[in-house]
Amino acid sequence: MPYLGGMSWDEVLGHKREIEKLRSGSAAGRLAHAYAFVGPAGIGKQRFAFEFAACLLCDRHVDADLDSCGECSSCVQVTAGTHPDLLTVALPEGKSELPIRLFVGDRETRGKEGLCHDVSLKPMSARRRVAIIDDAEMMNEESSNALLKTLEEPPPDSVLILIATSADALLPTIRSRCQVITFQPLAAADVQRLLLQQGLTNDEREAKQIAVLCDGSLDAARQLLDPQLRAVRDELYELLAAEPFRSVQTAQRMIECLEPAGSEKSSQREYAGWVVKFCVEFFRRALLAAAGAPAGTSAEIPQVRAFLQRWSEPAHETLDRLADLVERSLAAEGQLAANTAIPLCLESFFDDVGKALRS
Ligand SMILES: [Zn+2]
């Protein structure tokens with residue numbers, strides 16, 4: 001797992017409700033043996049889990065505080081990633097599942113190694129052992145079963161923290177043995193701050209634009225900083241603003257744009273997802289502008305202004321039409337997520353956009 005920097009709740013952006021939920025449980029003496037932290041990727045669940053672990057291990061604070069001092073040897077070790085009572089597993093680089101050896105050791109050492117074994121040992125220096133299982137939805141059946149045994153009979157003085165993108169991605173038998181904490185996406189203002197703070201961009205305007213688009217996920221924001229993807233967005237905006245709108249060419253061009261995303265279907269699908277998301281954003285901004293959003297707001301984009309000039313009809317019809325376009329774009333997003341063939345999905349989507357614009 002990556003080095004996550006200094007520890008303290010102050011460094012965890014957002015998620016105040018989740019902190020309070022854990023703190024009140026902890027103050028009432030109701031710490032669970034296992035937690036499942038669930039929510040979209042890139043919103044800081046991992047960093048949150050490490051801070052939670054630091055609180056559970058800190059030498060100077062009791063559980064009821066749910067706080068870490070940042071200075072005791074325990075806190076220093078958590079920050080450095082060397083605490084002997086903090087165990088972690090995550091998806092190995094380039095792998096698509098969490099292998100069983102991470103939980104119970106290799107065939108030769110089965111049951112004598114791995115997270116499930118280690119967490120059952122007496123704590124070395126802290127008052128308990130804490131295990132963080134990142135990418136928990138990537139456990140294969142064997143791994144899940146191994147972990148399930150531990151969850152069924154949790155070792156005393158242990159807390160397990162599973163991190164996953166959704167509760168549904170975990171086996172029901174596993175989920176039911178965890179206290180599920182659902183994380184909300186980050187607020188746009190928090191993403192903007194993070195982008196600037198982490199030096200992912202120095203351009204405040206760019207940070208703001210991306211923060212609006214990324215649905216509260218820092219991962220998505222990072223993708224959006226990819227110059228290739230930004231170029232696709234700019235080209236798409238030009239195509240959408242063109243009068244007349246050419247649906248066949250637009251679809252073709254967007255399908256061509258997927259190629260640099262590689263031959264892997266999943267990354268092409270991700271890219272196609274962005275194309276449709278950009279359309280949602282474009283039509284939403286047009287709708288805002290047509291509804292009279294004040295100048296200088298995010299609705300102010302030259303291509304959106306150009307796009308709106310095609311209508312001279314009464315405003316309410318324009319609004320209806322734009323609302324339909326937003327809805328159709330959202331439907332396309334759903335189709336892509338549901339594994340519809342990518343070219344087919346984009347062709348039929350842009351065909352519908354063309355029809356809506358001509359009618
Ligand atoms: Zn401490």
# chains A, B, ... in the order shown; residues from 1 in each chain; ligands from 1

$ residues_around --residues "range 268-281 of chain A" --least-positions-apart "2" --cutoff "9 Å" --atoms "only C-alpha atoms" --output "ChimeraX atom specification"
/A:213,224,229,232-233,236-237,240,254-255,257-266,283-286,325-330,332-333,336-337,339,342-343,346,349

$ residues_near_ligand --ligand "ligand 1" --cutoff "9 Å" --atoms "only C-alpha atoms and all ligand atoms" --output "number ranges by chain"
A: 54-55, 57-61, 67-76

$ atom_distance --atom1 "CA of Gln197 in chain A" --atom2 "CA of Ala49 in chain A"
20.8 Å

$ select_by_dssp --residues "range 78-292 of chain A" --states "strand (DSSP E or B)" --output "PyMOL selection string"
chain A and resi 86-89+98+129-133+139+158-164+179-182

$ write_last_selection --atoms "C-alpha atoms" --output "PDB file, in the first residue's frame"
ATOM      1  CA  LEU A  86      -0.949  -3.360  11.760  1.00  0.00           C
ATOM      2  CA  LEU A  87      -1.428  -5.969   9.043  1.00  0.00           C
ATOM      3  CA  THR A  88      -2.414  -5.100   5.502  1.00  0.00           C
ATOM      4  CA  VAL A  89      -3.241  -6.873   2.289  1.00  0.00           C
ATOM      5  CA  LEU A  98      -6.550 -11.295  -3.851  1.00  0.00           C
ATOM      6  CA  ARG A 129      -3.935  -6.083  16.211  1.00  0.00           C
ATOM      7  CA  VAL A 130      -5.574  -4.306  13.295  1.00  0.00           C
ATOM      8  CA  ALA A 131      -5.865  -5.795   9.814  1.00  0.00           C
ATOM      9  CA  ILE A 132      -6.751  -3.779   6.712  1.00  0.00           C
ATOM     10  CA  ILE A 133      -7.994  -5.706   3.685  1.00  0.00           C
ATOM     11  CA  MET A 139     -11.106 -11.779  -2.921  1.00  0.00           C
ATOM     12  CA  SER A 158      -8.382  -7.720  16.879  1.00  0.00           C
ATOM     13  CA  VAL A 159     -10.165  -5.372  14.513  1.00  0.00           C
ATOM     14  CA  LEU A 160     -10.517  -6.109  10.803  1.00  0.00           C
ATOM     15  CA  ILE A 161     -11.230  -3.387   8.272  1.00  0.00           C
ATOM     16  CA  LEU A 162     -12.389  -4.407   4.812  1.00  0.00           C
ATOM     17  CA  ILE A 163     -12.366  -1.775   2.054  1.00  0.00           C
ATOM     18  CA  ALA A 164     -14.595  -2.225  -0.996  1.00  0.00           C
ATOM     19  CA  GLN A 179     -20.371  -3.272  10.524  1.00  0.00           C
ATOM     20  CA  VAL A 180     -20.864  -1.569   7.179  1.00  0.00           C
ATOM     21  CA  ILE A 181     -19.826   2.076   6.991  1.00  0.00           C
ATOM     22  CA  THR A 182     -20.940   3.732   3.774  1.00  0.00           C
TER      23      THR A 182
END

$ residues_around --residues "Lys122 in chain A" --least-positions-apart "3" --cutoff "12 Å" --atoms "only C-alpha atoms" --output "number ranges by chain"
A: 84-85, 117-119, 125-130, 155-158

$ select_by_dssp --residues "range 140-205 of chain A" --states "alpha helix (DSSP H)" --output "CSV table (one decimal) with C-alpha atoms, in the first residue's frame"
chain,number,residue,atom,x,y,z
A,141,GLU,CA,-13.8,-17.8,-3.3
A,142,GLU,CA,-10.9,-19.5,-1.5
A,143,SER,CA,-9.7,-16.2,0.0
A,144,SER,CA,-13.3,-15.3,1.0
A,145,ASN,CA,-13.8,-18.6,2.8
A,146,ALA,CA,-10.5,-18.3,4.6
A,147,LEU,CA,-11.4,-14.8,5.8
A,148,LEU,CA,-14.9,-15.9,6.7
A,149,LYS,CA,-13.5,-18.4,9.2
A,150,THR,CA,-11.7,-15.5,10.9
A,151,LEU,CA,-14.8,-13.4,10.9
A,152,GLU,CA,-16.9,-16.2,12.4
A,172,PRO,CA,-23.4,-11.8,2.0
A,173,THR,CA,-21.9,-14.1,4.6
A,174,ILE,CA,-18.9,-11.7,4.9
A,175,ARG,CA,-20.9,-8.6,4.8
A,188,ALA,CA,-16.5,19.2,-5.3
A,189,ALA,CA,-14.8,21.9,-3.2
A,190,ASP,CA,-12.8,19.1,-1.4
A,191,VAL,CA,-11.7,17.6,-4.7
A,192,GLN,CA,-10.6,21.0,-5.9
A,193,ARG,CA,-8.6,21.5,-2.8
A,194,LEU,CA,-7.0,18.0,-3.0
A,195,LEU,CA,-6.0,18.5,-6.7
A,196,LEU,CA,-4.2,21.7,-5.9
A,197,GLN,CA,-2.8,20.5,-2.6
A,204,GLU,CA,-7.2,26.8,-10.2
A,205,ARG,CA,-9.7,27.0,-13.1

$ closest_residue --among "A:Ile19, A:Arg310, A:Glu235, A:Ile43" --to "Asp215 in chain A" --atoms "only C-alpha atoms"
A:Ile43

$ residues_around --residues "Pro40 in chain A" --least-positions-apart "5" --cutoff "8 Å" --atoms "only C-alpha atoms" --output "list in words"
Thr165, Ser166, Phe183, Gln184, Pro185 and Ser217 of chain A

$ write_last_selection --atoms "N, CA and C atoms" --output "short mmCIF file (atom, residue, chain, number, x, y, z; two decimals), in the first residue's frame"
data_model
loop_
_atom_site.label_atom_id
_atom_site.label_comp_id
_atom_site.auth_asym_id
_atom_site.auth_seq_id
_atom_site.Cartn_x
_atom_site.Cartn_y
_atom_site.Cartn_z
N THR A 165 -15.60 -1.21 -2.94
CA THR A 165 -16.33 -0.13 -3.62
C THR A 165 -17.83 -0.21 -3.37
N SER A 166 -18.36 -1.40 -3.06
CA SER A 166 -19.77 -1.45 -2.68
C SER A 166 -20.01 -2.65 -1.77
N PHE A 183 -19.41 5.26 2.70
CA PHE A 183 -18.75 6.54 2.47
C PHE A 183 -19.38 7.27 1.29
N GLN A 184 -19.63 8.56 1.49
CA GLN A 184 -20.19 9.37 0.42
C GLN A 184 -19.04 9.94 -0.43
N PRO A 185 -19.33 10.23 -1.72
CA PRO A 185 -18.31 10.88 -2.55
C PRO A 185 -17.88 12.21 -1.92
N SER A 217 -14.85 11.80 -6.93
CA SER A 217 -13.80 10.77 -6.85
C SER A 217 -12.47 11.34 -7.31
#

$ closest_residue --among "A:Gly216, A:Ser348, A:Val353, A:Phe282" --to "Asp324 in chain A" --atoms "only C-alpha atoms"
A:Val353

$ atom_distance --atom1 "CA of Gly25 in chain A" --atom2 "CA of Leu170 in chain A"
23.0 Å

$ decode --residues "range 153-273 of chain A" --atoms "C-alpha atoms" --output "PDB file, in the first residue's frame"
ATOM      1  CA  GLU A 153     -14.511 -16.560  15.287  1.00  0.00           C
ATOM      2  CA  PRO A 154     -12.746 -13.233  15.545  1.00  0.00           C
ATOM      3  CA  PRO A 155      -9.560 -13.434  17.616  1.00  0.00           C
ATOM      4  CA  PRO A 156      -9.751 -11.394  20.817  1.00  0.00           C
ATOM      5  CA  ASP A 157      -7.998  -8.022  20.610  1.00  0.00           C
ATOM      6  CA  SER A 158      -8.382  -7.720  16.879  1.00  0.00           C
ATOM      7  CA  VAL A 159     -10.165  -5.372  14.513  1.00  0.00           C
ATOM      8  CA  LEU A 160     -10.517  -6.109  10.803  1.00  0.00           C
ATOM      9  CA  ILE A 161     -11.230  -3.387   8.272  1.00  0.00           C
ATOM     10  CA  LEU A 162     -12.389  -4.407   4.812  1.00  0.00           C
ATOM     11  CA  ILE A 163     -12.366  -1.775   2.054  1.00  0.00           C
ATOM     12  CA  ALA A 164     -14.595  -2.225  -0.996  1.00  0.00           C
ATOM     13  CA  THR A 165     -16.331  -0.134  -3.624  1.00  0.00           C
ATOM     14  CA  SER A 166     -19.773  -1.454  -2.676  1.00  0.00           C
ATOM     15  CA  ALA A 167     -21.364  -3.610  -0.015  1.00  0.00           C
ATOM     16  CA  ASP A 168     -22.965  -5.756  -2.729  1.00  0.00           C
ATOM     17  CA  ALA A 169     -19.526  -6.673  -4.023  1.00  0.00           C
ATOM     18  CA  LEU A 170     -18.872  -8.608  -0.799  1.00  0.00           C
ATOM     19  CA  LEU A 171     -20.272 -12.061  -0.130  1.00  0.00           C
ATOM     20  CA  PRO A 172     -23.421 -11.754   2.011  1.00  0.00           C
ATOM     21  CA  THR A 173     -21.874 -14.074   4.601  1.00  0.00           C
ATOM     22  CA  ILE A 174     -18.897 -11.744   4.913  1.00  0.00           C
ATOM     23  CA  ARG A 175     -20.948  -8.558   4.809  1.00  0.00           C
ATOM     24  CA  SER A 176     -23.270  -9.722   7.566  1.00  0.00           C
ATOM     25  CA  ARG A 177     -20.327 -10.152   9.936  1.00  0.00           C
ATOM     26  CA  CYS A 178     -19.073  -6.611   9.410  1.00  0.00           C
ATOM     27  CA  GLN A 179     -20.371  -3.272  10.524  1.00  0.00           C
ATOM     28  CA  VAL A 180     -20.864  -1.569   7.179  1.00  0.00           C
ATOM     29  CA  ILE A 181     -19.826   2.076   6.991  1.00  0.00           C
ATOM     30  CA  THR A 182     -20.940   3.732   3.774  1.00  0.00           C
ATOM     31  CA  PHE A 183     -18.752   6.544   2.465  1.00  0.00           C
ATOM     32  CA  GLN A 184     -20.190   9.373   0.416  1.00  0.00           C
ATOM     33  CA  PRO A 185     -18.306  10.881  -2.547  1.00  0.00           C
ATOM     34  CA  LEU A 186     -16.215  13.950  -1.764  1.00  0.00           C
ATOM     35  CA  ALA A 187     -17.694  17.417  -2.173  1.00  0.00           C
ATOM     36  CA  ALA A 188     -16.512  19.215  -5.326  1.00  0.00           C
ATOM     37  CA  ALA A 189     -14.780  21.857  -3.184  1.00  0.00           C
ATOM     38  CA  ASP A 190     -12.793  19.138  -1.385  1.00  0.00           C
ATOM     39  CA  VAL A 191     -11.695  17.553  -4.671  1.00  0.00           C
ATOM     40  CA  GLN A 192     -10.623  20.968  -5.926  1.00  0.00           C
ATOM     41  CA  ARG A 193      -8.558  21.485  -2.779  1.00  0.00           C
ATOM     42  CA  LEU A 194      -6.971  18.045  -3.039  1.00  0.00           C
ATOM     43  CA  LEU A 195      -6.024  18.513  -6.693  1.00  0.00           C
ATOM     44  CA  LEU A 196      -4.195  21.729  -5.866  1.00  0.00           C
ATOM     45  CA  GLN A 197      -2.767  20.458  -2.563  1.00  0.00           C
ATOM     46  CA  GLN A 198      -1.334  17.316  -4.132  1.00  0.00           C
ATOM     47  CA  GLY A 199       0.045  19.329  -7.027  1.00  0.00           C
ATOM     48  CA  LEU A 200      -1.936  17.331  -9.592  1.00  0.00           C
ATOM     49  CA  THR A 201      -2.592  20.664 -11.230  1.00  0.00           C
ATOM     50  CA  ASN A 202      -1.548  24.222 -10.427  1.00  0.00           C
ATOM     51  CA  ASP A 203      -4.309  25.748 -12.470  1.00  0.00           C
ATOM     52  CA  GLU A 204      -7.165  26.776 -10.213  1.00  0.00           C
ATOM     53  CA  ARG A 205      -9.673  27.030 -13.053  1.00  0.00           C
ATOM     54  CA  GLU A 206      -8.794  23.555 -14.280  1.00  0.00           C
ATOM     55  CA  ALA A 207      -9.078  22.155 -10.751  1.00  0.00           C
ATOM     56  CA  LYS A 208     -12.537  23.648 -10.434  1.00  0.00           C
ATOM     57  CA  GLN A 209     -13.707  22.313 -13.808  1.00  0.00           C
ATOM     58  CA  ILE A 210     -12.486  18.820 -13.051  1.00  0.00           C
ATOM     59  CA  ALA A 211     -13.901  18.840  -9.538  1.00  0.00           C
ATOM     60  CA  VAL A 212     -17.364  19.418 -10.993  1.00  0.00           C
ATOM     61  CA  LEU A 213     -17.007  16.574 -13.487  1.00  0.00           C
ATOM     62  CA  CYS A 214     -15.493  13.824 -11.371  1.00  0.00           C
ATOM     63  CA  ASP A 215     -18.459  12.863  -9.168  1.00  0.00           C
ATOM     64  CA  GLY A 216     -16.485  13.326  -5.976  1.00  0.00           C
ATOM     65  CA  SER A 217     -13.804  10.769  -6.850  1.00  0.00           C
ATOM     66  CA  LEU A 218     -10.140  11.730  -6.827  1.00  0.00           C
ATOM     67  CA  ASP A 219      -9.418   8.718  -9.061  1.00  0.00           C
ATOM     68  CA  ALA A 220     -11.814  10.043 -11.671  1.00  0.00           C
ATOM     69  CA  ALA A 221     -10.254  13.497 -11.314  1.00  0.00           C
ATOM     70  CA  ARG A 222      -6.810  12.002 -11.970  1.00  0.00           C
ATOM     71  CA  GLN A 223      -8.113  10.356 -15.135  1.00  0.00           C
ATOM     72  CA  LEU A 224      -9.583  13.641 -16.249  1.00  0.00           C
ATOM     73  CA  LEU A 225      -6.175  15.262 -15.957  1.00  0.00           C
ATOM     74  CA  ASP A 226      -5.025  12.880 -18.699  1.00  0.00           C
ATOM     75  CA  PRO A 227      -4.355  15.238 -21.645  1.00  0.00           C
ATOM     76  CA  GLN A 228      -5.644  12.663 -24.118  1.00  0.00           C
ATOM     77  CA  LEU A 229      -8.995  12.504 -22.412  1.00  0.00           C
ATOM     78  CA  ARG A 230      -9.200  16.287 -22.208  1.00  0.00           C
ATOM     79  CA  ALA A 231      -8.522  16.439 -25.964  1.00  0.00           C
ATOM     80  CA  VAL A 232     -11.393  13.996 -26.544  1.00  0.00           C
ATOM     81  CA  ARG A 233     -13.661  16.216 -24.493  1.00  0.00           C
ATOM     82  CA  ASP A 234     -12.694  19.354 -26.404  1.00  0.00           C
ATOM     83  CA  GLU A 235     -13.267  17.640 -29.735  1.00  0.00           C
ATOM     84  CA  LEU A 236     -16.600  16.234 -28.601  1.00  0.00           C
ATOM     85  CA  TYR A 237     -17.754  19.671 -27.463  1.00  0.00           C
ATOM     86  CA  GLU A 238     -16.893  21.088 -30.909  1.00  0.00           C
ATOM     87  CA  LEU A 239     -18.809  18.280 -32.619  1.00  0.00           C
ATOM     88  CA  LEU A 240     -21.840  18.798 -30.407  1.00  0.00           C
ATOM     89  CA  ALA A 241     -21.837  22.534 -31.073  1.00  0.00           C
ATOM     90  CA  ALA A 242     -21.593  22.117 -34.876  1.00  0.00           C
ATOM     91  CA  GLU A 243     -24.671  23.078 -36.865  1.00  0.00           C
ATOM     92  CA  PRO A 244     -25.927  20.837 -38.351  1.00  0.00           C
ATOM     93  CA  PHE A 245     -24.974  18.110 -35.876  1.00  0.00           C
ATOM     94  CA  ARG A 246     -23.535  15.069 -37.685  1.00  0.00           C
ATOM     95  CA  SER A 247     -24.376  11.975 -35.703  1.00  0.00           C
ATOM     96  CA  VAL A 248     -22.582   9.367 -37.848  1.00  0.00           C
ATOM     97  CA  GLN A 249     -19.310  11.315 -37.962  1.00  0.00           C
ATOM     98  CA  THR A 250     -19.464  12.107 -34.267  1.00  0.00           C
ATOM     99  CA  ALA A 251     -19.970   8.451 -33.360  1.00  0.00           C
ATOM    100  CA  GLN A 252     -17.173   7.377 -35.721  1.00  0.00           C
ATOM    101  CA  ARG A 253     -14.748   9.941 -34.371  1.00  0.00           C
ATOM    102  CA  MET A 254     -15.495   9.026 -30.749  1.00  0.00           C
ATOM    103  CA  ILE A 255     -15.051   5.321 -31.497  1.00  0.00           C
ATOM    104  CA  GLU A 256     -11.665   6.129 -33.073  1.00  0.00           C
ATOM    105  CA  CYS A 257     -10.746   8.038 -29.935  1.00  0.00           C
ATOM    106  CA  LEU A 258     -11.163   4.843 -27.891  1.00  0.00           C
ATOM    107  CA  GLU A 259      -8.279   3.134 -29.650  1.00  0.00           C
ATOM    108  CA  PRO A 260      -5.447   4.842 -27.781  1.00  0.00           C
ATOM    109  CA  ALA A 261      -7.119   3.591 -24.612  1.00  0.00           C
ATOM    110  CA  GLY A 262      -5.643   0.234 -25.533  1.00  0.00           C
ATOM    111  CA  SER A 263      -6.994  -3.074 -26.668  1.00  0.00           C
ATOM    112  CA  GLU A 264      -8.314  -3.844 -23.222  1.00  0.00           C
ATOM    113  CA  LYS A 265     -12.083  -3.782 -23.291  1.00  0.00           C
ATOM    114  CA  SER A 266     -12.342  -2.484 -19.735  1.00  0.00           C
ATOM    115  CA  SER A 267     -10.283   0.638 -20.360  1.00  0.00           C
ATOM    116  CA  GLN A 268     -12.097   1.275 -23.663  1.00  0.00           C
ATOM    117  CA  ARG A 269     -15.344   1.013 -21.761  1.00  0.00           C
ATOM    118  CA  GLU A 270     -14.031   3.468 -19.196  1.00  0.00           C
ATOM    119  CA  TYR A 271     -13.131   5.878 -21.996  1.00  0.00           C
ATOM    120  CA  ALA A 272     -16.514   5.458 -23.677  1.00  0.00           C
ATOM    121  CA  GLY A 273     -18.084   6.093 -20.280  1.00  0.00           C
TER     122      GLY A 273
END
